[in-house]
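S.K.: Contents of run.csv (CSV, C-alpha atoms):
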```
chain,number,residue,atom,x,y,z
A,1,MET,CA,45.2,10.7,-68.9
A,2,THR,CA,46.6,7.6,-67.3
A,3,LYS,CA,49.3,7.7,-64.6
A,4,ILE,CA,51.4,4.9,-63.1
A,5,ARG,CA,53.0,5.9,-59.9
A,6,THR,CA,55.2,3.7,-57.7
A,7,MET,CA,56.6,4.3,-54.2
A,8,VAL,CA,59.3,2.0,-52.8
A,9,SER,CA,60.8,2.6,-49.3
A,10,GLY,CA,59.6,6.2,-49.3
A,11,LYS,CA,60.9,7.2,-52.7
A,12,THR,CA,58.3,8.1,-55.3
A,13,GLY,CA,58.7,7.7,-59.0
A,14,ARG,CA,56.1,8.6,-61.7
A,15,VAL,CA,55.7,7.5,-65.2
A,16,LEU,CA,53.1,9.4,-67.2
A,17,LEU,CA,51.3,7.8,-70.1
A,18,GLY,CA,49.8,10.3,-72.5
A,19,ALA,CA,49.6,14.1,-72.5
A,20,ALA,CA,48.6,16.2,-69.5
A,21,ALA,CA,44.9,16.9,-69.0
A,22,ALA,CA,43.5,19.9,-70.7
A,23,THR,CA,42.7,21.4,-67.3
A,24,GLY,CA,46.3,22.4,-66.9
A,25,VAL,CA,46.5,21.1,-63.3
A,26,ALA,CA,50.1,20.4,-62.4
A,27,ILE,CA,51.0,17.1,-60.7
A,28,SER,CA,52.3,19.1,-57.8
A,29,ALA,CA,48.6,20.0,-57.1
A,30,TRP,CA,48.0,16.7,-55.5
A,31,ALA,CA,47.1,17.2,-51.9
A,32,VAL,CA,50.4,16.7,-49.9
A,33,GLY,CA,50.2,15.0,-46.5
A,34,ALA,CA,46.4,14.6,-46.6
A,35,SER,CA,44.9,11.1,-46.1
A,36,GLU,CA,41.6,9.4,-45.7
A,37,THR,CA,40.6,6.5,-43.5
A,38,PHE,CA,37.9,4.0,-44.5
A,39,ARG,CA,36.1,1.3,-42.6
A,40,THR,CA,37.4,-2.0,-44.1
A,41,LEU,CA,36.0,-5.5,-44.0
A,42,ALA,CA,38.3,-8.5,-44.4
A,43,TYR,CA,37.6,-12.2,-44.4
A,44,GLY,CA,39.6,-15.3,-45.3
A,45,VAL,CA,40.5,-18.7,-44.1
A,46,GLY,CA,44.2,-19.2,-43.1
A,47,ILE,CA,46.2,-22.4,-43.1
A,48,TYR,CA,48.7,-23.2,-40.5
A,49,GLN,CA,50.8,-26.2,-39.6
A,50,ASN,CA,49.0,-28.6,-37.2
A,51,HIS,CA,49.6,-32.3,-36.2
A,52,ASP,CA,47.4,-35.2,-35.5
A,53,GLY,CA,47.6,-37.5,-32.5
A,54,SER,CA,50.6,-39.4,-33.9
A,55,SER,CA,52.5,-36.1,-34.7
A,56,LYS,CA,51.9,-36.5,-38.4
A,57,PRO,CA,51.7,-33.0,-40.0
A,58,VAL,CA,48.2,-32.0,-41.1
A,59,TYR,CA,46.6,-28.7,-42.3
A,60,GLY,CA,45.1,-26.5,-39.6
A,61,ASN,CA,42.4,-24.0,-40.6
A,62,GLN,CA,42.0,-20.6,-39.0
A,63,PRO,CA,39.2,-18.2,-40.1
A,64,LEU,CA,40.7,-14.7,-40.1
A,65,ALA,CA,38.3,-11.7,-40.3
A,66,GLY,CA,39.1,-8.0,-39.9
A,67,HIS,CA,38.0,-8.2,-36.3
A,68,ASP,CA,40.6,-10.9,-35.7
A,69,LEU,CA,43.4,-8.7,-36.9
A,70,VAL,CA,42.1,-5.9,-34.7
A,71,ALA,CA,41.9,-8.3,-31.7
A,72,ALA,CA,45.4,-9.6,-32.3
A,73,ALA,CA,46.9,-6.1,-32.6
A,74,LEU,CA,45.2,-5.1,-29.3
A,75,GLY,CA,46.3,-8.3,-27.5
A,76,LEU,CA,42.8,-9.8,-27.3
A,77,PRO,CA,41.6,-13.3,-28.1
A,78,LEU,CA,41.0,-14.1,-31.8
A,79,GLY,CA,37.3,-14.0,-32.5
A,80,THR,CA,36.7,-10.9,-30.2
A,81,LYS,CA,34.2,-8.5,-31.9
A,82,LEU,CA,34.6,-4.9,-30.7
A,83,THR,CA,32.1,-2.1,-31.1
A,84,ASN,CA,34.3,0.9,-31.1
A,85,GLN,CA,37.6,-0.5,-32.5
A,86,VAL,CA,37.5,-1.5,-36.2
A,87,LEU,CA,39.7,-2.4,-39.0
A,88,ALA,CA,40.4,0.5,-41.4
A,89,LEU,CA,42.5,1.4,-44.5
A,90,GLN,CA,44.3,4.7,-44.4
A,91,VAL,CA,45.4,6.0,-47.8
A,92,ASP,CA,47.1,9.3,-48.6
A,93,CYS,CA,45.6,11.5,-51.3
A,94,GLY,CA,48.6,11.0,-53.6
A,95,SER,CA,48.1,7.2,-53.5
A,96,THR,CA,51.7,6.7,-52.5
A,97,THR,CA,51.3,5.2,-49.0
A,98,ALA,CA,48.7,3.1,-47.2
A,99,SER,CA,48.2,1.4,-43.9
A,100,LEU,CA,45.9,-1.1,-42.3
A,101,VAL,CA,45.0,0.3,-38.9
A,102,VAL,CA,42.8,-0.1,-35.8
A,103,PHE,CA,40.5,2.9,-35.8
A,104,ASP,CA,38.8,3.8,-32.5
A,105,LYS,CA,35.4,5.3,-33.3
A,106,GLU,CA,35.0,6.8,-29.8
A,107,SER,CA,38.2,8.9,-30.0
A,108,SER,CA,38.2,9.2,-33.8
A,109,ASN,CA,41.9,8.1,-33.9
A,110,ASN,CA,44.0,5.3,-35.2
A,111,ILE,CA,45.2,3.5,-32.1
A,112,ALA,CA,47.3,0.7,-33.6
A,113,THR,CA,49.0,-0.1,-36.9
A,114,ILE,CA,48.4,-3.5,-38.4
A,115,ALA,CA,50.5,-3.2,-41.6
A,116,THR,CA,52.2,-0.4,-43.6
A,117,SER,CA,52.8,-0.3,-47.3
A,118,THR,CA,56.4,-0.8,-48.5
A,119,SER,CA,55.5,-0.3,-52.1
A,120,LEU,CA,52.3,0.9,-53.8
A,121,SER,CA,51.7,1.1,-57.5
A,122,VAL,CA,48.6,2.6,-59.2
A,123,VAL,CA,47.1,2.9,-62.6
A,124,GLN,CA,44.5,5.7,-62.8
A,125,GLN,CA,41.5,6.5,-65.0
A,126,GLN,CA,40.2,10.0,-65.7
A,127,ASP,CA,36.7,9.8,-67.3
A,128,SER,CA,36.2,13.6,-67.6
A,129,ASP,CA,38.3,15.9,-69.7
A,130,THR,CA,37.3,18.8,-67.5
A,131,ALA,CA,38.0,17.2,-64.1
A,132,ALA,CA,41.1,18.3,-62.2
A,133,PHE,CA,42.0,14.7,-61.2
A,134,PRO,CA,41.3,11.1,-62.1
A,135,ASN,CA,38.2,9.6,-60.6
A,136,ARG,CA,39.3,5.9,-60.2
A,137,GLU,CA,42.3,3.8,-59.9
A,138,ARG,CA,43.6,0.2,-59.7
A,139,PHE,CA,46.4,-0.6,-57.2
A,140,VAL,CA,48.8,-3.3,-56.1
A,141,ALA,CA,50.6,-2.8,-52.8
A,142,GLN,CA,53.0,-4.7,-50.6
A,143,PHE,CA,52.6,-4.4,-46.8
A,144,ALA,CA,54.8,-5.3,-43.9
A,145,VAL,CA,52.8,-6.4,-40.8
A,146,THR,CA,53.7,-4.4,-37.7
A,147,PRO,CA,54.5,-6.6,-34.7
A,148,THR,CA,52.0,-5.5,-32.0
A,149,ASN,CA,50.8,-7.6,-29.0
A,150,HIS,CA,49.5,-10.9,-30.5
A,151,LEU,CA,50.3,-9.9,-34.0
A,152,LEU,CA,54.0,-10.9,-34.5
A,153,GLY,CA,54.8,-10.2,-38.1
A,154,GLY,CA,54.2,-11.2,-41.7
A,155,PHE,CA,53.4,-9.6,-45.1
A,156,LEU,CA,50.5,-8.9,-47.3
A,157,THR,CA,50.2,-8.2,-51.0
A,158,MET,CA,47.0,-6.3,-51.7
A,159,ALA,CA,45.3,-5.6,-55.0
A,160,GLY,CA,42.1,-3.8,-55.8
A,161,ARG,CA,40.4,-0.6,-56.9
A,162,LEU,CA,39.5,2.8,-55.3
A,163,GLN,CA,37.1,5.6,-56.2
A,164,LEU,CA,38.8,9.0,-56.3
A,165,ASP,CA,37.3,12.5,-55.9
A,166,PRO,CA,37.9,14.2,-59.3
A,167,ALA,CA,38.0,17.6,-57.6
A,168,THR,CA,40.7,16.7,-55.1
A,169,GLY,CA,42.4,13.5,-56.1
A,170,CYS,CA,41.7,11.9,-52.7
A,171,PRO,CA,40.0,8.5,-52.3
A,172,ARG,CA,36.3,8.8,-51.5
A,173,ALA,CA,33.3,6.5,-50.8
A,174,ILE,CA,30.3,6.6,-53.1
A,175,ARG,CA,27.2,4.5,-53.7
A,176,ILE,CA,28.5,1.1,-54.9
A,177,GLU,CA,29.0,0.9,-58.7
A,178,PRO,CA,29.5,-2.6,-60.2
A,179,ASP,CA,32.7,-2.9,-62.3
A,180,ARG,CA,32.7,-5.6,-64.9
A,181,LEU,CA,36.5,-6.2,-64.2
A,182,ASP,CA,35.8,-7.2,-60.6
A,183,ARG,CA,34.9,-10.7,-61.5
A,184,TYR,CA,38.2,-11.2,-63.3
A,185,PHE,CA,40.1,-10.3,-60.2
A,186,GLU,CA,37.9,-12.3,-57.8
A,187,ASP,CA,36.9,-9.1,-56.0
A,188,PHE,CA,33.4,-9.3,-54.5
A,189,GLU,CA,31.4,-7.5,-51.8
A,190,GLY,CA,31.6,-9.1,-48.4
A,191,ARG,CA,29.0,-9.3,-45.6
A,192,ASN,CA,29.7,-7.3,-42.5
A,193,ASP,CA,30.0,-10.1,-39.9
A,194,ASP,CA,30.9,-7.5,-37.2
A,195,ASP,CA,27.5,-5.9,-37.4
A,196,ASP,CA,24.6,-7.8,-38.9
A,197,LYS,CA,22.4,-4.6,-38.8
A,198,ASP,CA,24.9,-2.7,-41.0
A,199,HIS,CA,23.3,-1.4,-44.2
A,200,ASP,CA,26.1,0.7,-45.4
A,201,VAL,CA,25.7,1.5,-49.2
A,202,LEU,CA,28.9,3.6,-49.5
A,203,ARG,CA,32.0,2.0,-51.0
A,204,ALA,CA,35.5,3.4,-51.6
A,205,GLY,CA,36.6,0.2,-53.3
A,206,LEU,CA,37.0,-3.5,-53.4
A,207,GLY,CA,40.1,-5.7,-53.2
A,208,HIS,CA,41.8,-8.9,-52.1
A,209,ALA,CA,45.0,-9.9,-50.4
A,210,VAL,CA,47.4,-12.8,-50.0
A,211,GLY,CA,50.3,-13.3,-47.6
A,212,THR,CA,51.2,-14.7,-44.2
A,213,VAL,CA,50.5,-13.5,-40.7
A,214,SER,CA,52.3,-14.7,-37.5
A,215,LEU,CA,49.8,-14.8,-34.6
A,216,ILE,CA,49.5,-15.9,-31.0
A,217,PHE,CA,46.5,-18.2,-30.9
A,218,ASN,CA,44.0,-18.4,-28.0
A,219,ASP,CA,45.7,-21.4,-26.6
A,220,GLY,CA,49.0,-19.5,-26.3
A,221,THR,CA,50.8,-21.1,-29.3
A,222,THR,CA,52.5,-19.1,-32.0
A,223,ASN,CA,51.6,-20.0,-35.6
A,224,THR,CA,52.4,-18.7,-39.0
A,225,VAL,CA,49.2,-18.5,-40.9
A,226,LEU,CA,49.2,-18.7,-44.7
A,227,LEU,CA,46.5,-16.5,-46.3
A,228,PRO,CA,45.8,-17.8,-49.8
A,229,PHE,CA,42.9,-15.3,-50.3
A,230,VAL,CA,41.4,-12.5,-48.2
A,231,ALA,CA,38.4,-10.6,-49.5
A,232,LEU,CA,38.4,-6.9,-48.8
A,233,SER,CA,35.6,-4.4,-48.8
A,234,ILE,CA,36.7,-0.7,-48.4
A,235,ARG,CA,33.6,1.2,-47.2
A,236,HIS,CA,32.7,4.6,-45.8
A,237,GLU,CA,35.1,7.2,-44.5
A,238,LEU,CA,35.7,7.2,-40.7
A,239,GLU,CA,35.8,10.4,-38.7
```
Could you quickly redo this structure as structure tokens?
M.R.:
Amino acid sequence: MTKIRTMVSGKTGRVLLGAAAATGVAISAWAVGASETFRTLAYGVGIYQNHDGSSKPVYGNQPLAGHDLVAAALGLPLGTKLTNQVLALQVDCGSTTASLVVFDKESSNNIATIATSTSLSVVQQQDSDTAAFPNRERFVAQFAVTPTNHLLGGFLTMAGRLQLDPATGCPRAIRIEPDRLDRYFEDFEGRNDDDDKDHDVLRAGLGHAVGTVSLIFNDGTTNTVLLPFVALSIRHELE
């Protein structure tokens, strides 16, 4: 059974391809209101408008990792690496909404929102005829950046894949499983630059993003940064 589900501005529409699964589980059985939050790594190199000594326009390059988005949202200098505050992806169990957030590991709470989905479309795969729910999905989502402190706005279009728990329908992290389609979508596993000692082997998914982010740089200037490609690694669940 394959499902395509789209949510735009809070309204959810579903198109079903194929017959319902033999399990007889109704679509309404999707967990309502439940969500999962996953440690997420992000890395890309942004481009912004700079000028040389004669005021001629030139490209400026700004590395942008997950910890930079966290720092900007918290009003800290870009490049700040924090121990307890990390980038995370929060996804509801129905795969209709998602958010990039700052998760505080000490309090086990989301303390800032970096971006929230304005639309989210998924195509799902159910590999077992006896499972209640699909076990994996591909998604494309559009996000609006939430103005917070040094993070002033922008948008992201994110695409990737998630592992799903076939017993509940919720996203889950499992030991990494290569997918031959990943190379076609330029999705690859990124290194955890926030913690060189990290040996996490659990993955909820992989993805990538493009878009723009308006930031206050460390010199106090405001710049719109183009993001041609950001690699995303969606890892273990946070509690």
S.K.: So that I can see what lies close to range 172-175 of chain A, please list as JSON, numbers by chain the residues with an atom at most 9 Å from it, counting only C-alpha atoms and leaving out residues fewer than 2 positions away in the same chain.
M.R.: {"A": [36, 38, 162, 163, 164, 165, 169, 170, 177, 201, 202, 203, 204, 205, 234, 235, 236, 237]}
S.K.: So which one's closest to Glu106 in chain A, A:Leu238, A:Ala88, A:Ala159, A:Ala34? Using all atoms listed in the file, please.
M.R.: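 Of the candidates, the smallest distance to Glu106 in chain A is held by A:Leu238.
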S.K.: What does the distance between CA of Met158 in chain A and CA of Pro57 in chain A come to in Å, to one decimal place?
M.R.: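 Separating CA of Met158 in chain A from CA of Pro57 in chain A is a distance of 29.5 Å.
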S.K.: Using all atoms listed in the file, which residues sit within 7 Å of range 108-115 of chain A once same-chain residues fewer than 3 positions away are excluded, as a PDB file with C-alpha atoms, in the frame of the given file?
M.R.:
```
ATOM      1  CA  ALA A  73      46.900  -6.100 -32.600  1.00  0.00           C
ATOM      2  CA  SER A  99      48.200   1.400 -43.900  1.00  0.00           C
ATOM      3  CA  LEU A 100      45.900  -1.100 -42.300  1.00  0.00           C
ATOM      4  CA  VAL A 101      45.000   0.300 -38.900  1.00  0.00           C
ATOM      5  CA  VAL A 102      42.800  -0.100 -35.800  1.00  0.00           C
ATOM      6  CA  PHE A 103      40.500   2.900 -35.800  1.00  0.00           C
ATOM      7  CA  ASP A 104      38.800   3.800 -32.500  1.00  0.00           C
ATOM      8  CA  LYS A 105      35.400   5.300 -33.300  1.00  0.00           C
ATOM      9  CA  PHE A 143      52.600  -4.400 -46.800  1.00  0.00           C
ATOM     10  CA  ALA A 144      54.800  -5.300 -43.900  1.00  0.00           C
ATOM     11  CA  VAL A 145      52.800  -6.400 -40.800  1.00  0.00           C
ATOM     12  CA  THR A 146      53.700  -4.400 -37.700  1.00  0.00           C
ATOM     13  CA  GLU A 239      35.800  10.400 -38.700  1.00  0.00           C
TER      14      GLU A 239
END
```
S.K.: Counting all atoms listed in the file, note down every residue that has an atom within 9 Å of the point (49.9, -5.4, -49.6) (file coordinates), as a list in words.
M.R.: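 Those residues lying close to the given coordinates are Ala98, Ala115, Thr116, Ser117, Thr118, Ser119, Leu120, Val140, Ala141, Gln142, Phe143, Ala144, Phe155, Leu156, Thr157, Met158, Ala159, Ala209, Val210 and Gly211 of chain A.
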